[in-house]
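**Q** Below is the file input-v4.cif, which contains mmCIF, C-alpha atoms and all ligand atoms.
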data_my_file
#
loop_
_atom_site.label_atom_id
_atom_site.label_comp_id
_atom_site.auth_asym_id
_atom_site.auth_seq_id
_atom_site.Cartn_x
_atom_site.Cartn_y
_atom_site.Cartn_z
CA MET V 6 -18.09 12.94 -31.02
CA PHE V 7 -19.47 15.99 -29.24
CA GLU V 8 -17.91 14.80 -25.99
CA ILE V 9 -14.49 14.54 -27.62
CA ALA V 10 -14.87 18.05 -29.01
CA ILE V 11 -15.77 19.34 -25.54
CA MET V 12 -12.86 17.43 -24.08
CA LEU V 13 -10.48 18.97 -26.57
CA LEU V 14 -11.60 22.55 -26.00
CA PRO V 15 -9.24 23.14 -23.05
CA VAL V 16 -6.40 21.74 -25.14
CA ALA V 17 -7.32 23.96 -28.05
CA ALA V 18 -7.55 26.94 -25.72
CA ALA V 19 -4.25 26.11 -24.07
CA SER V 20 -2.49 25.62 -27.39
CA GLY V 21 -4.02 28.89 -28.66
CA TRP V 22 -2.88 30.74 -25.56
CA TYR V 23 0.54 29.14 -25.78
CA ALA V 24 0.90 30.05 -29.47
CA ALA V 25 -0.28 33.61 -28.82
CA SER V 26 2.01 34.12 -25.83
CA LYS V 27 4.98 32.91 -27.84
CA HIS V 28 3.93 35.20 -30.68
CA TYR V 29 3.77 38.33 -28.53
CA LYS V 30 6.96 37.49 -26.71
CA ALA V 31 8.79 37.21 -30.02
CA LYS V 32 7.00 40.20 -31.59
CA GLU V 33 7.13 38.49 -34.93
CA LYS V 34 5.57 40.30 -37.89
CA ARG V 35 4.69 37.20 -39.92
CA PRO V 36 1.88 34.84 -38.84
CA THR V 37 3.44 32.10 -36.74
CA ASN V 38 3.26 28.40 -37.53
CA GLU V 39 1.57 27.95 -34.14
CA HIS V 40 -1.30 30.19 -35.25
CA LYS V 41 -1.71 28.30 -38.49
CA GLY V 42 -1.66 24.99 -36.67
CA TYR V 43 -4.10 26.21 -34.07
CA PHE V 44 -6.67 27.23 -36.68
CA LYS V 45 -6.06 24.02 -38.61
CA GLY V 46 -6.77 22.00 -35.46
CA LEU V 47 -9.84 24.07 -34.67
CA ASN V 48 -11.05 23.49 -38.21
CA PHE V 49 -10.74 19.72 -37.80
CA LEU V 50 -12.64 20.01 -34.54
CA LEU V 51 -15.47 21.98 -36.10
CA ASN V 52 -15.63 19.50 -38.97
CA GLU V 53 -16.05 16.68 -36.47
CA GLN V 54 -12.67 15.13 -37.17
CA PRO V 55 -11.41 14.85 -33.57
CA ASP V 56 -8.60 12.34 -34.34
CA LYS V 57 -6.94 14.78 -36.75
CA ALA V 58 -7.58 17.66 -34.35
CA ILE V 59 -5.86 15.72 -31.55
CA SER V 60 -2.78 15.08 -33.69
CA VAL V 61 -2.53 18.76 -34.64
CA PHE V 62 -2.92 20.04 -31.09
CA ILE V 63 -0.46 17.51 -29.71
CA ASP V 64 2.13 18.44 -32.37
CA LEU V 65 1.43 22.11 -31.78
CA LEU V 66 2.08 21.97 -28.07
CA GLU V 67 5.77 22.03 -27.46
CA VAL V 68 6.66 19.67 -24.69
CA ASP V 69 8.10 21.71 -21.87
CA ASP V 70 7.43 22.38 -18.20
CA GLU V 71 4.49 24.66 -19.05
CA THR V 72 2.57 22.25 -21.24
CA ILE V 73 3.45 18.89 -19.77
CA GLU V 74 0.44 18.93 -17.44
CA ILE V 75 -1.88 19.40 -20.45
CA HIS V 76 -0.32 16.42 -22.22
CA LEU V 77 -0.53 14.24 -19.14
CA ALA V 78 -4.12 15.30 -18.38
CA LEU V 79 -5.16 14.53 -21.95
CA GLY V 80 -3.50 11.11 -21.76
CA THR V 81 -5.32 10.32 -18.52
CA LEU V 82 -8.60 11.39 -20.08
CA PHE V 83 -8.05 9.08 -23.04
CA ARG V 84 -7.28 6.16 -20.75
CA GLN V 85 -10.29 6.82 -18.55
CA ARG V 86 -12.52 6.92 -21.61
CA GLY V 87 -11.13 3.56 -22.73
CA GLU V 88 -9.25 5.10 -25.67
CA VAL V 89 -6.08 3.35 -24.60
CA GLU V 90 -4.35 3.33 -27.98
CA LYS V 91 -4.50 7.15 -28.12
CA ALA V 92 -3.20 7.40 -24.56
CA ILE V 93 -0.32 5.06 -25.42
CA ARG V 94 0.56 7.07 -28.54
CA LEU V 95 0.49 10.33 -26.61
CA HIS V 96 2.68 9.04 -23.77
CA GLN V 97 5.12 7.36 -26.15
CA ASN V 98 5.46 10.69 -27.98
CA LEU V 99 6.20 12.48 -24.73
CA ILE V 100 8.88 9.99 -23.72
CA ALA V 101 10.53 10.25 -27.15
CA ARG V 102 11.07 14.03 -26.78
CA PRO V 103 14.75 14.58 -25.94
CA GLN V 104 14.20 17.97 -24.28
CA ILE V 105 12.08 16.78 -21.36
CA SER V 106 13.51 16.49 -17.87
CA GLN V 107 14.16 13.14 -16.19
CA GLN V 108 11.24 13.54 -13.76
CA ILE V 109 8.79 14.43 -16.53
CA ARG V 110 9.97 11.38 -18.46
CA SER V 111 9.38 9.24 -15.38
CA ASN V 112 5.87 10.67 -14.94
CA ALA V 113 5.06 9.96 -18.58
CA LEU V 114 6.54 6.47 -18.24
CA ASN V 115 4.32 5.85 -15.20
CA GLU V 116 1.28 6.91 -17.25
CA LEU V 117 2.36 4.66 -20.12
CA GLY V 118 2.63 1.76 -17.65
CA LEU V 119 -0.95 2.43 -16.54
CA ASP V 120 -2.05 2.52 -20.20
CA TYR V 121 -0.44 -0.88 -20.79
CA MET V 122 -2.16 -2.29 -17.72
CA ARG V 123 -5.50 -0.99 -18.93
CA ALA V 124 -4.81 -2.55 -22.34
CA GLY V 125 -3.91 -5.88 -20.69
CA LEU V 126 -0.30 -5.66 -21.93
CA LEU V 127 1.08 -6.80 -18.58
CA ASP V 128 4.59 -7.74 -19.79
CA ARG V 129 5.20 -4.21 -21.07
CA ALA V 130 3.70 -2.66 -17.93
CA GLU V 131 5.90 -4.90 -15.79
CA SER V 132 9.16 -3.78 -17.43
CA ILE V 133 8.14 -0.10 -17.05
CA PHE V 134 7.28 -0.42 -13.35
CA LEU V 135 10.44 -2.43 -12.67
CA GLU V 136 12.36 0.56 -14.08
CA LEU V 137 10.28 3.02 -11.99
CA GLU V 138 10.92 1.03 -8.82
CA ASN V 139 14.30 2.81 -8.80
CA ASP V 140 12.66 6.24 -8.99
CA VAL V 141 12.51 7.83 -5.52
CA VAL V 142 9.24 9.70 -6.24
CA LEU V 143 7.36 6.92 -8.07
CA LYS V 144 8.69 3.89 -6.18
CA CYS V 145 5.55 3.32 -4.03
CA GLN V 146 3.26 3.57 -7.04
CA ALA V 147 5.52 1.16 -9.00
CA VAL V 148 5.56 -1.44 -6.21
CA LYS V 149 1.74 -1.33 -5.98
CA GLN V 150 1.37 -1.84 -9.71
CA LEU V 151 3.95 -4.66 -9.78
CA PHE V 152 2.08 -6.41 -6.96
CA SER V 153 -1.13 -6.15 -8.97
CA ILE V 154 0.61 -7.39 -12.16
CA PHE V 155 2.17 -10.44 -10.45
CA GLN V 156 -1.20 -11.35 -8.97
CA GLN V 157 -2.88 -11.10 -12.36
CA GLU V 158 -0.09 -13.17 -13.92
CA LYS V 159 -0.46 -15.70 -11.07
CA GLU V 160 3.25 -15.30 -10.28
CA TRP V 161 2.60 -16.07 -6.63
CA LEU V 162 6.20 -16.02 -5.39
CA LYS V 163 6.81 -12.57 -6.84
CA ALA V 164 3.36 -11.43 -5.62
CA ALA V 165 4.33 -12.52 -2.08
CA ASP V 166 7.68 -10.67 -2.35
CA TYR V 167 5.90 -7.50 -3.44
CA ALA V 168 3.23 -7.89 -0.75
CA VAL V 169 6.10 -7.80 1.80
CA LYS V 170 7.53 -4.69 0.08
CA LEU V 171 4.06 -3.10 0.24
CA GLU V 172 3.83 -3.84 3.96
CA ALA V 173 7.10 -1.94 4.46
CA ILE V 174 5.94 1.00 2.30
CA ASP V 175 2.48 1.27 3.89
CA ARG V 176 3.84 0.41 7.36
CA ARG V 177 0.87 -1.89 7.73
CA LYS V 178 0.96 -5.67 8.21
CA GLN V 179 -1.24 -7.69 5.84
CA PRO V 180 -1.42 -11.17 7.42
CA ILE V 181 -4.61 -12.25 5.62
CA LEU V 182 -3.26 -11.31 2.20
CA LEU V 183 0.14 -12.94 2.79
CA SER V 184 -1.30 -16.15 4.21
CA HIS V 185 -3.47 -16.54 1.11
CA LEU V 186 -0.49 -15.95 -1.17
CA TYR V 187 1.39 -18.72 0.69
CA CYS V 188 -1.70 -20.92 0.26
CA GLN V 189 -1.50 -20.24 -3.49
CA LEU V 190 2.18 -21.27 -3.40
CA ALA V 191 1.25 -24.41 -1.44
CA LEU V 192 -1.30 -25.37 -4.10
CA LEU V 193 1.28 -24.75 -6.82
CA SER V 194 3.88 -26.93 -5.07
CA ASN V 195 1.28 -29.62 -4.47
CA ALA V 196 0.34 -29.59 -8.17
CA GLU V 197 4.04 -30.11 -8.91
CA LEU V 198 3.96 -33.04 -6.42
CA ASP V 199 6.39 -31.25 -4.10
CA ARG V 200 4.43 -31.93 -0.91
CA VAL V 201 7.29 -30.95 1.41
CA ALA V 202 7.36 -27.46 -0.10
CA ALA V 203 3.55 -27.33 -0.01
CA ARG V 204 3.49 -28.15 3.71
CA ASN V 205 6.19 -25.58 4.42
CA TYR V 206 4.15 -22.87 2.70
CA LEU V 207 1.09 -23.89 4.72
CA LYS V 208 3.08 -23.65 7.95
CA LYS V 209 4.25 -20.23 6.86
CA ALA V 210 0.65 -19.20 6.11
CA LEU V 211 -0.48 -20.28 9.59
CA ARG V 212 2.49 -18.60 11.26
CA ILE V 213 1.53 -15.31 9.62
CA ASP V 214 -2.22 -15.70 10.20
CA SER V 215 -3.17 -18.36 12.74
CA SER V 216 -6.85 -17.98 11.76
CA CYS V 217 -6.24 -18.96 8.11
CA VAL V 218 -8.97 -21.59 7.61
CA ARG V 219 -7.84 -22.20 4.07
CA ALA V 220 -4.36 -23.41 5.13
CA ASN V 221 -5.92 -26.22 7.19
CA VAL V 222 -8.35 -27.07 4.40
CA ILE V 223 -5.45 -27.46 1.95
CA SER V 224 -3.48 -29.48 4.55
CA ALA V 225 -6.44 -31.86 4.84
CA GLU V 226 -6.77 -32.14 1.05
CA ILE V 227 -3.07 -33.01 0.70
CA ALA V 228 -3.31 -35.60 3.48
CA MET V 229 -6.44 -37.13 1.91
CA ALA V 230 -4.67 -37.38 -1.45
CA GLU V 231 -2.10 -39.51 0.40
CA SER V 232 -4.94 -41.49 2.08
CA ASP V 233 -3.73 -40.22 5.46
CA TYR V 234 -7.22 -39.60 6.90
CA LYS V 235 -5.98 -39.33 10.46
CA GLU V 236 -3.77 -36.39 9.53
CA ALA V 237 -6.54 -34.95 7.33
CA LEU V 238 -9.07 -35.09 10.18
CA LYS V 239 -6.59 -33.47 12.58
CA ALA V 240 -6.05 -30.58 10.14
CA ILE V 241 -9.67 -30.02 9.14
CA LEU V 242 -11.01 -30.11 12.71
CA LYS V 243 -8.76 -27.13 13.53
CA ILE V 244 -11.14 -24.89 11.59
CA GLN V 245 -13.62 -25.24 14.47
CA ASP V 246 -11.36 -23.06 16.62
CA GLN V 247 -10.40 -20.75 13.76
CA ASP V 248 -13.85 -19.80 12.46
CA GLU V 249 -16.73 -22.15 13.18
CA ARG V 250 -18.87 -20.58 10.45
CA PHE V 251 -16.72 -22.55 7.99
CA VAL V 252 -17.43 -25.92 9.63
CA PRO V 253 -20.71 -26.49 7.70
CA VAL V 254 -18.88 -25.55 4.47
CA PHE V 255 -16.38 -28.40 4.93
CA ILE V 256 -18.65 -30.73 6.88
CA ASP V 257 -18.61 -33.38 4.12
CA VAL V 258 -14.79 -33.47 4.20
CA ILE V 259 -14.96 -34.07 7.96
CA ILE V 260 -17.66 -36.74 7.57
CA ASN V 261 -15.58 -38.47 4.90
CA CYS V 262 -12.58 -38.61 7.25
CA PHE V 263 -14.71 -40.08 10.07
CA ASN V 264 -16.14 -42.67 7.64
CA GLN V 265 -12.70 -43.63 6.31
CA LEU V 266 -11.44 -44.08 9.87
CA ASP V 267 -14.58 -46.02 10.95
CA MET V 268 -15.23 -43.54 13.74
CA SER V 269 -19.03 -43.70 13.73
CA LYS V 270 -19.53 -42.77 17.39
CA LYS V 271 -17.21 -39.75 17.09
CA LYS V 272 -18.96 -38.75 13.86
CA PHE V 273 -22.33 -38.84 15.61
CA ASP V 274 -21.08 -36.76 18.57
CA PHE V 275 -19.36 -34.29 16.27
CA LEU V 276 -22.48 -33.75 14.11
CA ALA V 277 -24.71 -33.50 17.18
CA GLY V 278 -22.37 -30.80 18.54
CA VAL V 279 -22.27 -28.87 15.27
CA GLN V 280 -26.04 -28.82 14.83
CA ALA V 281 -26.53 -27.75 18.46
CA ASN V 282 -24.19 -24.77 18.08
CA ASN V 283 -25.00 -23.84 14.51
CA GLN V 284 -28.12 -22.62 12.71
CA SER V 285 -26.87 -23.99 9.40
CA THR V 286 -29.28 -26.10 7.35
CA ILE V 287 -26.39 -28.21 6.08
CA ALA V 288 -25.30 -29.04 9.64
CA MET V 289 -28.88 -29.99 10.48
CA SER V 290 -29.21 -32.02 7.28
CA ARG V 291 -26.04 -34.04 8.03
CA PHE V 292 -27.19 -34.67 11.59
CA VAL V 293 -30.53 -35.96 10.32
CA ASP V 294 -28.58 -38.26 7.96
CA VAL V 295 -26.55 -39.68 10.83
CA LEU V 296 -29.73 -40.12 12.89
CA ILE V 297 -31.24 -42.17 10.06
CA GLU V 298 -28.00 -44.11 9.66
CA GLN V 299 -27.36 -44.87 13.32
CA LYS V 300 -30.86 -44.60 14.89
CA SER V 301 -34.07 -44.71 12.81
CA ASN V 302 -36.18 -42.79 10.29
CA LYS V 303 -38.79 -42.22 12.92
CA GLU V 304 -36.30 -40.69 15.36
CA ALA V 305 -34.86 -38.44 12.64
CA LEU V 306 -38.29 -37.19 11.57
CA ALA V 307 -39.35 -36.58 15.18
CA PHE V 308 -36.15 -34.64 15.83
CA LEU V 309 -36.65 -32.49 12.73
CA HIS V 310 -40.30 -31.92 13.64
CA GLU V 311 -39.26 -30.72 17.09
CA LYS V 312 -36.56 -28.43 15.68
CA LEU V 313 -39.02 -26.90 13.24
CA LEU V 314 -41.44 -26.13 16.05
CA GLN V 315 -38.68 -24.51 18.14
CA ASN V 316 -37.17 -22.58 15.29
CA PRO V 317 -39.43 -22.37 12.22
CA GLN V 318 -36.76 -21.26 9.74
CA LYS V 319 -36.88 -21.82 5.99
CA GLY V 320 -33.91 -24.17 5.83
CA TYR V 321 -35.39 -26.56 8.37
CA LEU V 322 -38.73 -26.44 6.56
CA LYS V 323 -36.96 -27.40 3.37
CA LEU V 324 -35.30 -30.35 5.09
CA TYR V 325 -38.59 -31.44 6.57
CA ALA V 326 -40.25 -31.18 3.18
CA GLU V 327 -37.45 -33.19 1.55
CA PHE V 328 -37.66 -35.81 4.22
CA ASP V 329 -41.41 -36.12 4.22
CA VAL V 330 -41.96 -35.77 0.50
CA ASP V 331 -42.06 -39.50 -0.21
CA ASN V 332 -44.35 -40.27 2.69
CA THR V 333 -47.23 -37.99 1.73
CA GLY V 334 -50.17 -38.01 -0.66
CA GLU V 335 -49.71 -36.79 -4.24
CA SER V 336 -51.13 -33.27 -3.86
CA GLU V 337 -49.10 -32.63 -0.73
CA SER V 338 -46.02 -34.01 -2.44
CA VAL V 339 -46.43 -31.50 -5.30
CA PHE V 340 -46.85 -28.70 -2.76
CA LEU V 341 -43.72 -29.74 -0.84
CA ARG V 342 -41.64 -30.04 -3.98
CA GLY V 343 -42.72 -26.50 -4.90
CA VAL V 344 -41.55 -25.26 -1.49
CA ILE V 345 -38.19 -27.02 -1.91
CA LYS V 346 -37.65 -25.48 -5.33
CA GLN V 347 -38.49 -21.98 -4.13
CA LEU V 348 -36.23 -22.26 -1.12
CA ALA V 349 -33.36 -23.64 -3.18
CA GLU V 350 -33.61 -20.67 -5.53
CA GLU V 351 -33.48 -18.23 -2.64
CA GLU V 352 -30.37 -19.83 -1.18
CA GLN V 353 -27.15 -17.79 -1.29
CA SER V 354 -24.20 -19.32 0.37
CA PHE V 355 -21.39 -16.74 0.48
CA LYS V 356 -20.98 -12.99 0.70
CA CYS V 357 -17.95 -10.68 0.60
CA ARG V 358 -17.81 -8.53 3.75
CA GLN V 359 -15.79 -5.95 1.82
CA CYS V 360 -17.96 -5.30 -1.24
CA GLY V 361 -21.12 -7.36 -0.64
CA PHE V 362 -20.60 -9.67 -3.64
CA SER V 363 -22.73 -12.82 -3.25
CA SER V 364 -22.09 -16.24 -4.76
CA VAL V 365 -22.96 -19.90 -4.36
CA ASP V 366 -19.27 -20.89 -4.43
CA LEU V 367 -16.59 -20.10 -1.88
CA ASN V 368 -13.99 -17.83 -3.47
CA TRP V 369 -10.94 -17.19 -1.28
CA CYS V 370 -10.25 -14.15 -3.46
CA CYS V 371 -13.40 -12.09 -4.04
CA PRO V 372 -14.12 -12.04 -7.81
CA SER V 373 -15.53 -8.53 -7.49
CA CYS V 374 -13.21 -6.49 -5.22
CA LYS V 375 -10.22 -8.89 -5.55
CA ASP V 376 -9.57 -8.85 -1.81
CA TRP V 377 -8.34 -12.07 -0.20
CA GLY V 378 -10.16 -13.78 2.66
CA THR V 379 -13.18 -11.47 2.67
CA VAL V 380 -15.79 -13.97 1.45
CA GLU V 381 -17.78 -15.50 4.31
CA PRO V 382 -20.52 -18.13 4.58
CA ILE V 383 -24.08 -16.90 4.98
CA LEU V 384 -25.94 -19.13 7.36
CA THR V 385 -29.06 -20.54 5.74
ZN ZN V 401 -15.48 -8.32 -2.51
#
Show how you would write the structure in this file as structure tokens.
Ligand SMILES: [Zn+2]

**A**
Amino acid sequence: MFEIAIMLLPVAAASGWYAASKHYKAKEKRPTNEHKGYFKGLNFLLNEQPDKAISVFIDLLEVDDETIEIHLALGTLFRQRGEVEKAIRLHQNLIARPQISQQIRSNALNELGLDYMRAGLLDRAESIFLELENDVVLKCQAVKQLFSIFQQEKEWLKAADYAVKLEAIDRRKQPILLSHLYCQLALLSNAELDRVAARNYLKKALRIDSSCVRANVISAEIAMAESDYKEALKAILKIQDQDERFVPVFIDVIINCFNQLDMSKKKFDFLAGVQANNQSTIAMSRFVDVLIEQKSNKEALAFLHEKLLQNPQKGYLKLYAEFDVDNTGESESVFLRGVIKQLAEEEQSFKCRQCGFSSVDLNWCCPSCKDWGTVEPILT
């Protein structure tokens, strides 16, 4: 309440000044309506009735070039404070005034669009910004907002169109963003069982950003859905050259392809190579599995023991504990299980390089900063 009163003081002062200046200019003898209104508004304010005070002050202020900034500033303040309904009412009032200039109307319309976005009324915001896209001054702002709206509405084709428009406006290429939008379109086409369109979008994504790991992951998923494991393996192995930090993330997809194709020797060599070049616990874990599968328990345990001595990191210790847990006495088993639990709780798999958001799932679009392709695996 007190904050609103403080917030309104500049408006009250401005409306008082405006009323007084009009009064002296006109040299009227009778008290003006502006004066009456000003004191009425002030009275509401003092009696802690800010809503009524707002209405009085807004009505009191004639909308013209001198007062428009006050109206717009007040509207912005309302929106920032989360009082979106008041902001909407104020901006709608402004737009309804016939005497305002075209540019002022456009500015107010822009503010109303932002109010609608804040209120989650995306359809209304969209029609406003589509109108403002034709305004020379507000065009850039409108394109940015439309891009944001189409993303929120998951209208990926329109979002991609507006991302291209944004590139032209900012004179800055955005290959990572665009490739992810084409990946979204590929997923959409695939869900509609249009695999030709899906593959075309994936090609487009890779043409724009040759390091787009996600495009190859989706390619592999589509091929696996068609039981084409040869094609799936070809696609998913490309991520080694794109960004090898993602190999442990999709290592089970790769293993599945090798298994389906009965390529046990190649699977062994691949996993041996990954664990040799990668500190990842998952890579190590899968190599230990293949050692057990194709060699022996003893060899796997000896290998893990050796690795732990060379590089005593937590992840390896966890693996060792998991492996050895059934071969130990009861008290040691309890101790090892405790270690496993503690290590599992400390594990964090992904982090956004843009905002630092951490998660256990891979999000191609960061849930916190909403940037595409900024979430990366943390090696554990
Ligand atoms: Zn982020």

**Q** For a test of reading the model, state the distance in Å between CA of Ser373 in chain V and CA of Asn221 in chain V, rounded to one decimal.

**A**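 Interatomic distance, CA of Ser373 in chain V to CA of Asn221 in chain V: 24.9 Å.
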
**Q** Edge lengths and centre in Å to one decimal, as lines of an AutoDock Vina configuration file, of the axis-aligned box that encloses all listed atoms of range 231-249 of chain V with 8 Å added on every side?

**A**
center_x = -9.4
center_y = -30.6
center_z = 8.5
size_x = 30.6
size_y = 37.7
size_z = 32.2

**Q** Once you count all atoms listed in the file, which residues end up no further than 9 Å from (-15.0, -6.8, 0.5) in the file's frame, shown as a ChimeraX atom specification?

**A** /V:356-362,371,373-380

**Q** Taking only C-alpha atoms and all ligand atoms into account, which of V:Cys262, V:Leu162, V:Cys188, V:Leu367 comes nearest ligand ZN 401 (chain V)?

**A**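 Nearest to ligand ZN 401 (chain V): V:Leu367.
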
**Q** Distance CA of Gly278 in chain V-CA of Lys312 in chain V, one decimal place?

**A**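 The value is 14.7 Å.
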
**Q** With distances taken over all atoms listed in the file, which of V:Glu236, V:Ile93, V:Glu116, V:Ile227 is nearest to Ala196 in chain V?

**A**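 The answer is V:Ile227, which sits nearest to Ala196 in chain V.
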
**Q** One decimal, in Å: what's the spacing between CA of Ile260 in chain V and CA of Asn283 in chain V?

**A**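 CA of Asn283 in chain V lies at a distance of 16.4 Å from CA of Ile260 in chain V.
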
**Q** May I have the residues within 9 Å of range 79-91 of chain V as a PyMOL selection string, using all atoms listed in the file and disregarding those fewer than 3 positions away in the same chain?

**A** chain V and resi 12-13+16+74-76+94-96+116-117+119-121+123-124

**Q** Would you pick out the contacts of Trp161 in chain V at 7 Å or less, using all atoms listed in the file, so that residues sharing its chain but fewer than 3 positions from it are not included, and give the list as a short mmCIF file (atom, residue, chain, number, x, y, z; two decimals) with C-alpha atoms, in the coordinates of the input?

**A**
data_model
loop_
_atom_site.label_atom_id
_atom_site.label_comp_id
_atom_site.auth_asym_id
_atom_site.auth_seq_id
_atom_site.Cartn_x
_atom_site.Cartn_y
_atom_site.Cartn_z
CA PHE V 155 2.17 -10.44 -10.45
CA GLN V 156 -1.20 -11.35 -8.97
CA ALA V 164 3.36 -11.43 -5.62
CA ALA V 165 4.33 -12.52 -2.08
CA LEU V 186 -0.49 -15.95 -1.17
CA GLN V 189 -1.50 -20.24 -3.49
CA LEU V 190 2.18 -21.27 -3.40
#

**Q** May I have the residues at most 8 Å from (-23.4, -33.4, 5.0) in the file's coordinates, counting all atoms listed in the file, as a list in words?

**A**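 Answer for this query, in the requested form: Pro253, Ile256, Asp257, Ile260, Ile287, Ala288, Ser290, Arg291, Phe292 and Asp294 of chain V.
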
**Q** Between V:Ser269, V:Gln157, V:Thr286, V:Gln146, single out the one closest to Gly125 in chain V, counting only C-alpha atoms.

**A**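 So, comparing all the options, the nearest one is V:Gln157.
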
**Q** Quick one: residues within 8 Å of Leu266 in chain V, all atoms listed in the file counted, chain neighbours fewer than 3 positions away excluded, as a VMD selection string?

**A** chain V and resid 234 to 235 262 to 263
